[in-house]
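Undergrad: Take a look at the following structure, please.
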Amino acid sequence: MKNIVKYLGLPILMVGLLWSCEDLDVPITTQLTPEVFPQNSTQYIQTAGPVYAAFRGEFSFSYWFTQSLSTDESILPARGGNWYDNQGYRMLHYHDWTADNGNIGSLWDWSSKVIGTSNQAISILDKTMPAGADKSTMISELKTMRAISYFIMMDSYGNVPLDTVYGDFTAHAKSDRKDVFNFIERELKKALPNLNPVAGITTYGRPNKQTANALLAKLYLNAEVYTGTQRYNDCIAACDGVINSGLYAIEPRSTYLQMFYPTNGPQMKEFIFAVPYDPSAVTVGYNGQMYHSRYDVPRSERAKFGLSFTPSAPRSTIPSFYAYFNDVNDIRNKQWLTGLQFMNDGVTPVMVSTTKKGYDQFYTGSDGAAAYTYQLNLTPDILLRQNPALFDCGNDEIAWNMGYRNIKFYPDAGSTSRNQNNDVPYLRYSDVILMKAEAILRGGNETLGQTAVSLVNMVRSNRTTSAAWSGVTLEELYQERCREFAHEAWHRNDMIRFGKFEGQWGFKTNSDTYRRIFPIPTNALVLNPALTQNTGY
């Protein structure tokens with residue numbers, strides 16, 4: 001199933017040259033031109049491929065970092081100077097980022113790149129592909145990919161430029177967030193009739209009808225944040241579109257964790273839209289890598305997970321977030337590494353050999369060089385023992401073992417590099433179910449005989465053997481979302497909607513509300529003089 005990524009990420013066949021040769025005095029016979037490419041179904045797919053390759057690029061990097069490290073879900077402190085990275089991760093935690101933050105800049109560049117690549121492919125196919133159902137479907141898929149990218153930009157930066165014309169290099173000013181919201185809504189509604197109505201291998205990694213419905217549900221659930229106007233009944237209607245399709249189901253407790261394994265793919269019943277990854281198909285010119293294990297697996301557990309590389313594992317969670325995982329019968333607890341560590345047989349302890357000074361850099365005994373062996377023990381608290389100003393826990397075993405680690409995207413022992421084979425879901429069916437429950441709790445109308453609590457229990461009955469809930473509050477639903485979507489890059493979106501983004505967690509005390517959106521990156525302001533900086537920055 002993993003060869004799907006090769007279909008989506010076919011090499012870029014110099015499509016940028018297709019429309020640049022018309023005014024040359026000397027005929028060009030060795031370059032690609034509209035007269036020779038694209039001219040058949042394979043070449044049409046090749047023209048669309050770069051859009052999906054571009055989207056795969058920073059999806060598991062700058063997008064994940066900005067959406068997760070800016071919340072209480074995750075923290076990436078320095079360890080002996082390692083991973084300080086010019087304050088980039090520290091800023092995301094403290095909410096004192098600037099327009100020069102590398103991750104915020106990369107997020108803008110990535111989403112802009114997907115939009116620009118989409119504009120290019122849409123323009124080419126509109127001019128070269130014969131009219132018919134195939135053309136309508138392919139262009140609607142590309143416009144949905146562009147809408148997803150605009151949703152990410154609008155959600156992250158607020159007012160952003162609307163640019164949908166390939167070849168228009170004029171400077172575009174920011175459009176009001178409401179206008180961008182309306183554009184996304186229109187694009188998705190126009191695309192819906194032409195998108196593929198089926199799910200599975202034939203549409204995997206590409207948007208189908210229910211991708212558009214699920215994204216509309218996201219748009220409407222957050223409408224009050226984006227536009228000041230509630231759209232909860234519209235959210236429920238979009239969710240019902242997905243539910244009534246009958247294409248999806250909630251994975252049972254027995255296969256919940258497998259949804260995120262290296263072997264996942266089109267067979268997962270919850271995946272509405274997922275981003276395929278394949279270690280052997282990283283497209284030249286696009287990052288396209290997904291190696292969460294590098295950040296999450298403790299460096300002493302390389303052998304346990306059979307990895308071909310030594311992970312550095314700087315990324316942890318914060319005790320207040322882990323506290324939501326408080327049901328001993330919940331399968332979602334197993335996505336975490338906590339406490340004393342054992343090999344996969346559950347019996348053999350993971351032992352680490354070092355020195356007394358290597359274990360504790362602050363050890364003052366005269367025998368600091370003496371051998372010291374201990375069982376790996378991951379502790380919950382993050383302590384900046386070496387240098388609080390530099391966000392540094394220290395460079396000893398105690399420091400490297402601080403923080404519980406999330407291995408939802410289970411380490412890929414079959415990969416010969418640190419790049420993993422795990423596909424990453426963007427929209428899941430359980431999200432649709434919980435979005436509908438939340439919209440009802442916030443005042444929307446019940447439909448299909450479903451109540452907020454029945455919907456939440458629909459998810460929980462497939463996650464825990466504990467008793468069903470007799471009622472549900474917004475706070476309880478928020479905590480359920482924390483458990484269900486940990487490390488799936490939706491937590492910032494959730495925290496803002498639930499009014500928790502300005503709270504205190506870890507070392508963060510900043511409560512500035514303007515930080516609900518990121519600053520326009522400095523490099524974007526330089527390249528586009530029509531842009532203005534967001535308020536507060």
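Residue numbering restarts at 1 in every chain; chains get A, B, ... in the order shown in the structure tokens, and ligands count up from 1 in that same order.
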Can you pull out the residues contacting Asp360 of chain A? Cut-off 8 Å, using only C-alpha atoms, and skip same-chain residues under 5 positions away; I want them as JSON, numbers by chain.

TA: {"A": [396, 397, 398]}

Undergrad: Contacts of Asp494 of chain A at 10 Å or less, counting only C-alpha atoms, minus same-chain residues fewer than 6 places along, as a PyMOL selection string?

TA: chain A and resi 71+222+478+481-482+500-501

Undergrad: Using only C-alpha atoms for the distances, tell me which of A:Glu73, A:Asp163, A:Gly228, A:Glu446 is nearest to Ser320 of chain A.

TA: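 Of all the options, A:Glu73 lies closest to Ser320 of chain A.
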
Undergrad: Atom CA of Pro529 of chain A and atom CA of Ala147 of chain A, how far apart in Å?

TA: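 Computing it gives 24.3 Å between the two atoms.
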
Undergrad: Please provide as a ChimeraX atom specification all residues within 6 Å of segment 290-293 of chain A, with the sequence filter that same-chain residues fewer than 3 positions apart are discarded (counting only C-alpha atoms).

TA: /A:60,296-297,411,418-420

Undergrad: Rounded to one decimal in Å, what is the spacing between atom CA of Asn86 of chain A and atom CA of Phe391 of chain A?

TA: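 Calculated distance between atom CA of Asn86 of chain A and atom CA of Phe391 of chain A is 10.9 Å.
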
Undergrad: Using DSSP on the backbone coordinates, identify all residues within segment 72-189 of chain A classified as strand (DSSP E or B); present the result as a ChimeraX atom specification.

TA: /A:75,78-79,82,160,175

Undergrad: Find the residues near segment 454-461 of chain A: any atom within 9 Å, counting only C-alpha atoms, skip ones fewer than 4 places away on the same chain, and give them as a PyMOL selection string.

TA: chain A and resi 250-253+330+430+433-434+436-437+450+465-472+477+480+484

Undergrad: Considering only C-alpha atoms, return as a list in words whatever protein or nucleic-acid residues lie within 9 Å of Arg428 of chain A, sequence-local ones (same chain, fewer than 3 positions apart) excluded.

TA: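 The filter keeps Ala214, Tyr248, Ile250, Lys269, Glu270, Phe271, Ile272, Phe273, Ala274, Pro425, Asp431 and Val432 of chain A.
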
Undergrad: Let me see the file: selected residues, N, CA, C and O atoms, as a compact mmCIF listing (two decimals), in the first residue's frame.

TA:
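This went into out-v6.txt:
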```
# COMPACT_ATOMS: atom_id res chain seq x y z
N ALA A 214 -15.42 17.28 5.87
CA ALA A 214 -14.74 17.32 7.17
C ALA A 214 -14.01 18.65 7.37
O ALA A 214 -14.00 19.20 8.48
N TYR A 248 -16.91 5.45 6.59
CA TYR A 248 -15.93 5.43 7.66
C TYR A 248 -16.51 4.82 8.93
O TYR A 248 -17.73 4.77 9.12
N ILE A 250 -15.26 4.13 13.37
CA ILE A 250 -14.26 4.34 14.41
C ILE A 250 -13.48 3.04 14.62
O ILE A 250 -14.09 1.97 14.78
N LYS A 269 -9.88 2.53 8.89
CA LYS A 269 -11.28 2.90 8.67
C LYS A 269 -11.59 4.35 9.04
O LYS A 269 -12.63 4.87 8.70
N GLU A 270 -10.69 4.98 9.80
CA GLU A 270 -10.96 6.36 10.25
C GLU A 270 -10.34 7.42 9.36
O GLU A 270 -10.70 8.59 9.46
N PHE A 271 -9.40 7.05 8.50
CA PHE A 271 -8.66 8.05 7.74
C PHE A 271 -9.53 8.65 6.65
O PHE A 271 -9.85 7.98 5.65
N ILE A 272 -9.90 9.91 6.81
CA ILE A 272 -10.62 10.64 5.77
C ILE A 272 -9.61 11.28 4.82
O ILE A 272 -9.74 11.20 3.60
N PHE A 273 -8.59 11.91 5.38
CA PHE A 273 -7.49 12.44 4.56
C PHE A 273 -6.21 12.27 5.35
O PHE A 273 -6.09 12.75 6.47
N ALA A 274 -5.27 11.54 4.75
CA ALA A 274 -3.99 11.28 5.40
C ALA A 274 -2.86 11.64 4.45
O ALA A 274 -3.04 11.65 3.22
N PRO A 425 -2.40 11.12 9.62
CA PRO A 425 -3.75 11.59 9.31
C PRO A 425 -3.90 13.09 9.57
O PRO A 425 -3.35 13.62 10.54
N ASP A 431 -12.69 12.54 14.75
CA ASP A 431 -12.72 14.00 14.86
C ASP A 431 -14.08 14.52 14.41
O ASP A 431 -14.66 15.43 15.02
N VAL A 432 -14.61 13.97 13.35
CA VAL A 432 -15.94 14.37 12.87
C VAL A 432 -16.98 14.12 13.96
O VAL A 432 -17.84 14.97 14.24
```

Undergrad: Which residue gives the smallest distance to Ala389 of chain A among A:Ser300, A:Asn264, A:Gln87, A:Thr229, with only C-alpha atoms counted?

TA: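 Selected residue with least distance to Ala389 of chain A: A:Gln87.
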
Undergrad: Which of these residues is nearest to Thr255 of chain A, using only C-alpha atoms: A:Val51, A:Thr66, A:Arg463, A:Asn510?

TA: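 The shortest atom-to-atom distance to Thr255 of chain A comes from A:Arg463.
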
Undergrad: Write out as a PDB file with C-alpha atoms, in the first residue's frame each polymer residue whose atoms come within 6 Å of segment 94-100 of chain A, counting only C-alpha atoms; drop sequence neighbours fewer than 2 positions from it.

TA:
```pdb
ATOM      1  CA  MET A  91      10.019  30.823  21.987  1.00  0.00           C
ATOM      2  CA  LEU A  92       7.155  28.542  21.012  1.00  0.00           C
ATOM      3  CA  LYS A 508       4.939  29.767  30.216  1.00  0.00           C
ATOM      4  CA  PRO A 519       3.421  37.168  13.147  1.00  0.00           C
ATOM      5  CA  PRO A 521       7.513  36.293   8.970  1.00  0.00           C
ATOM      6  CA  THR A 522      10.216  38.838   8.252  1.00  0.00           C
TER       7      THR A 522
END
```

Undergrad: Would you compute the distance between atom CA of Ile236 of chain A and atom CA of Asp176 of chain A? Give it in Å to one decimal.

TA: 25.5 Å

Undergrad: If you run DSSP on this backbone, which residues of segment 96-275 of chain A come out as helix (DSSP H, G or I), and could you give them as a count of residues only?

TA: 109

Undergrad: Hey, what's within 8 Å of segment 165-174 of chain A if we count only C-alpha atoms and toss same-chain stuff fewer than 3 positions away? As a count of residues only, please?

TA: 13
